[in-house]
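S.K.: For reference, the structure I am asking about is given below.
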Amino acid sequence: AAAKGLAIVARKRDRGGQVNDIRFSPDGRFLAAASQEQAVDIYDVNKVGRGNLERLGYCKGIEGAALQLDFSSDSKYIRVTTGSYKHSVYSVPDGSPVTQSSVIDNVVWSTWTSVVGGEVQGVWPTSGAESENASKGDINTAHVSHNGLNVATGDDFGQVKLFEFACPQPGAKFHKYVGHSAHVTNVRFTYNDKFLVTAGGDDCCLFLWRCM
């Protein structure tokens, strides 16, 4: 259903806790909502009727609060990253777990926002003061640029970092940018990768960085 302006066309509540992330599928058919209640609900965007969303399925067996979502390029799979620093793959729209490595290894992801995985292992600090808290989850957010060349992260030290992607080796080199006074809660490249938008926590600020 096409929305004109910012009018509310539908609403739905299937969980009592907070929603940590939402994501439209690349084909525009589905909307996924990641919940603090260890669940991801998948809705049919094309069947918005009487101001309600139809839930088609939900991802089960998630270990920890669902924090980050990424659809596959063909919209058949969704990857869920949790507060337990694990990620799992589920089929869309029924939400059944996908465990076959032969399938997962061949999935092409439309986006990458996970802070875990072999491709981003190098974003975690291995030395210095930051490494002492790395196991406590000081990296809150990540986003791979649309051209697939870089990954940006935000951490509990108020730092925005830019790495080459992929960076599978520990202690990968990076560029560091400061400005936020407290933890960085989200980072996102714009559609053309010309800018990076970062959201602060306690400082209540949005920063816009030009990508040179």
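How things are named: the first chain in the structure tokens is A, the next is B, and so on; residues count from 1 in each chain; ligands count from 1 in the order shown.
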List the neighbours of Met212 of chain A out to 12 Å using only C-alpha atoms; skip same-chain residues closer than 2 positions along the sequence, and give me the result as a PyMOL selection string.
M.R.: chain A and resi 162+193-196+209-210
S.K.: Do a neighbour search on Gly122 of chain A at 7 Å with only C-alpha atoms, toss out local chain neighbours closer than 5 positions, and write the hits as JSON, numbers by chain.
M.R.: {"A": [167, 168, 169, 170, 171, 172]}
S.K.: Give me, as JSON, numbers by chain, the residues of segment 102-180 of chain A that a backbone DSSP run labels strand (DSSP E or B).
M.R.: {"A": [109, 139, 140, 141, 142, 143, 144, 150, 151, 152, 153, 154, 155, 159, 160, 161, 162, 163, 164, 174, 175, 176, 177, 178]}
S.K.: Could those selected residues go to a file with N, CA and C atoms, as a PDB file, in the first residue's frame?
M.R.:
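Once written, selection_29.pdb looks like this:
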```pdb
ATOM      1  N   TRP A 109      23.452 -10.859   1.070  1.00  0.00           N
ATOM      2  CA  TRP A 109      22.690  -9.980   1.953  1.00  0.00           C
ATOM      3  C   TRP A 109      22.511  -8.606   1.328  1.00  0.00           C
ATOM      4  N   ILE A 139      30.770  -2.044  21.266  1.00  0.00           N
ATOM      5  CA  ILE A 139      30.384  -1.697  19.897  1.00  0.00           C
ATOM      6  C   ILE A 139      28.878  -1.924  19.764  1.00  0.00           C
ATOM      7  N   ASN A 140      28.169  -0.837  19.530  1.00  0.00           N
ATOM      8  CA  ASN A 140      26.707  -0.896  19.545  1.00  0.00           C
ATOM      9  C   ASN A 140      26.088  -1.089  18.172  1.00  0.00           C
ATOM     10  N   THR A 141      26.763  -0.636  17.130  1.00  0.00           N
ATOM     11  CA  THR A 141      26.109  -0.564  15.826  1.00  0.00           C
ATOM     12  C   THR A 141      27.132  -0.619  14.710  1.00  0.00           C
ATOM     13  N   ALA A 142      26.705  -1.110  13.568  1.00  0.00           N
ATOM     14  CA  ALA A 142      27.566  -1.168  12.382  1.00  0.00           C
ATOM     15  C   ALA A 142      26.710  -1.030  11.134  1.00  0.00           C
ATOM     16  N   HIS A 143      27.340  -0.571  10.051  1.00  0.00           N
ATOM     17  CA  HIS A 143      26.640  -0.512   8.770  1.00  0.00           C
ATOM     18  C   HIS A 143      27.663  -0.557   7.654  1.00  0.00           C
ATOM     19  N   VAL A 144      27.456  -1.471   6.706  1.00  0.00           N
ATOM     20  CA  VAL A 144      28.309  -1.567   5.530  1.00  0.00           C
ATOM     21  C   VAL A 144      27.766  -0.638   4.453  1.00  0.00           C
ATOM     22  N   ASN A 150      33.228  -0.262   2.673  1.00  0.00           N
ATOM     23  CA  ASN A 150      33.548   0.168   4.026  1.00  0.00           C
ATOM     24  C   ASN A 150      32.476  -0.264   5.015  1.00  0.00           C
ATOM     25  N   VAL A 151      32.868  -0.358   6.294  1.00  0.00           N
ATOM     26  CA  VAL A 151      31.915  -0.577   7.370  1.00  0.00           C
ATOM     27  C   VAL A 151      32.180   0.468   8.446  1.00  0.00           C
ATOM     28  N   ALA A 152      31.114   1.131   8.877  1.00  0.00           N
ATOM     29  CA  ALA A 152      31.196   2.127   9.944  1.00  0.00           C
ATOM     30  C   ALA A 152      30.647   1.522  11.232  1.00  0.00           C
ATOM     31  N   THR A 153      31.234   1.905  12.365  1.00  0.00           N
ATOM     32  CA  THR A 153      30.764   1.425  13.660  1.00  0.00           C
ATOM     33  C   THR A 153      30.609   2.596  14.629  1.00  0.00           C
ATOM     34  N   GLY A 154      29.795   2.371  15.662  1.00  0.00           N
ATOM     35  CA  GLY A 154      29.649   3.329  16.752  1.00  0.00           C
ATOM     36  C   GLY A 154      29.797   2.594  18.065  1.00  0.00           C
ATOM     37  N   ASP A 155      30.475   3.208  19.046  1.00  0.00           N
ATOM     38  CA  ASP A 155      30.754   2.483  20.279  1.00  0.00           C
ATOM     39  C   ASP A 155      30.397   3.273  21.530  1.00  0.00           C
ATOM     40  N   GLN A 159      32.835   7.131  19.899  1.00  0.00           N
ATOM     41  CA  GLN A 159      33.649   7.150  18.690  1.00  0.00           C
ATOM     42  C   GLN A 159      32.914   6.554  17.495  1.00  0.00           C
ATOM     43  N   VAL A 160      33.126   7.154  16.344  1.00  0.00           N
ATOM     44  CA  VAL A 160      32.685   6.613  15.065  1.00  0.00           C
ATOM     45  C   VAL A 160      33.937   6.149  14.341  1.00  0.00           C
ATOM     46  N   LYS A 161      33.933   4.900  13.875  1.00  0.00           N
ATOM     47  CA  LYS A 161      35.104   4.354  13.196  1.00  0.00           C
ATOM     48  C   LYS A 161      34.725   3.874  11.805  1.00  0.00           C
ATOM     49  N   LEU A 162      35.695   3.981  10.905  1.00  0.00           N
ATOM     50  CA  LEU A 162      35.493   3.554   9.528  1.00  0.00           C
ATOM     51  C   LEU A 162      36.573   2.539   9.158  1.00  0.00           C
ATOM     52  N   PHE A 163      36.149   1.341   8.762  1.00  0.00           N
ATOM     53  CA  PHE A 163      37.039   0.260   8.377  1.00  0.00           C
ATOM     54  C   PHE A 163      36.816  -0.090   6.907  1.00  0.00           C
ATOM     55  N   GLU A 164      37.786  -0.780   6.326  1.00  0.00           N
ATOM     56  CA  GLU A 164      37.547  -1.411   5.044  1.00  0.00           C
ATOM     57  C   GLU A 164      36.692  -2.653   5.273  1.00  0.00           C
ATOM     58  N   PHE A 174      41.762   1.396  11.038  1.00  0.00           N
ATOM     59  CA  PHE A 174      40.535   2.193  10.909  1.00  0.00           C
ATOM     60  C   PHE A 174      40.853   3.674  11.006  1.00  0.00           C
ATOM     61  N   HIS A 175      39.876   4.482  10.586  1.00  0.00           N
ATOM     62  CA  HIS A 175      39.898   5.920  10.820  1.00  0.00           C
ATOM     63  C   HIS A 175      38.892   6.210  11.932  1.00  0.00           C
ATOM     64  N   LYS A 176      39.266   7.083  12.858  1.00  0.00           N
ATOM     65  CA  LYS A 176      38.416   7.384  14.015  1.00  0.00           C
ATOM     66  C   LYS A 176      37.934   8.824  13.948  1.00  0.00           C
ATOM     67  N   TYR A 177      36.642   9.019  14.292  1.00  0.00           N
ATOM     68  CA  TYR A 177      36.040  10.352  14.271  1.00  0.00           C
ATOM     69  C   TYR A 177      35.314  10.589  15.593  1.00  0.00           C
ATOM     70  N   VAL A 178      35.527  11.751  16.180  1.00  0.00           N
ATOM     71  CA  VAL A 178      34.936  12.054  17.487  1.00  0.00           C
ATOM     72  C   VAL A 178      34.030  13.273  17.373  1.00  0.00           C
TER      73      VAL A 178
END
```
S.K.: Using only C-alpha atoms, which residue out of A:Gly57, A:Gly200, A:Pro26, A:Gly179 lies closest to Ile42 of chain A?
M.R.: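 Among the listed residues, A:Gly57 lies closest to Ile42 of chain A.
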S.K.: With distances taken over only C-alpha atoms, which residue among A:Ser96, A:Gln68, A:Ser75, A:Thr198 lies nearest Ile22 of chain A?
M.R.: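 Comparing A:Ser96, A:Gln68, A:Ser75, A:Thr198 against Ile22 of chain A, the winner is A:Gln68.
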S.K.: Compile the contact shell of Phe71 of chain A as a ChimeraX atom specification: residues with an atom at most 6 Å away, counting only C-alpha atoms, same-chain residues fewer than 3 positions apart removed.
M.R.: /A:25,75,77-78,110
S.K.: Next, the residues of the selection above should be written as a CSV table (one decimal), in the first residue's frame with N, CA and C atoms.
M.R.:
```
chain,number,residue,atom,x,y,z
A,25,SER,N,11.8,-5.5,3.4
A,25,SER,CA,12.5,-6.4,2.5
A,25,SER,C,12.8,-5.7,1.2
A,75,SER,N,15.0,-11.4,-0.7
A,75,SER,CA,13.9,-11.3,0.3
A,75,SER,C,13.4,-12.7,0.8
A,77,TYR,N,15.3,-14.6,2.9
A,77,TYR,CA,15.9,-14.9,4.2
A,77,TYR,C,16.1,-13.6,5.0
A,78,ILE,N,16.2,-13.8,6.4
A,78,ILE,CA,16.5,-12.6,7.2
A,78,ILE,C,17.5,-13.1,8.3
A,110,SER,N,21.3,-8.1,1.4
A,110,SER,CA,21.0,-6.8,0.9
A,110,SER,C,21.7,-5.7,1.7
```
S.K.: Quick one: everything within 10 Å of Val98 of chain A, counting only C-alpha atoms, minus sequence neighbours fewer than 3 positions away in the same chain. Send it as a PyMOL selection string.
M.R.: chain A and resi 77-79+88-91+95+101+103-104
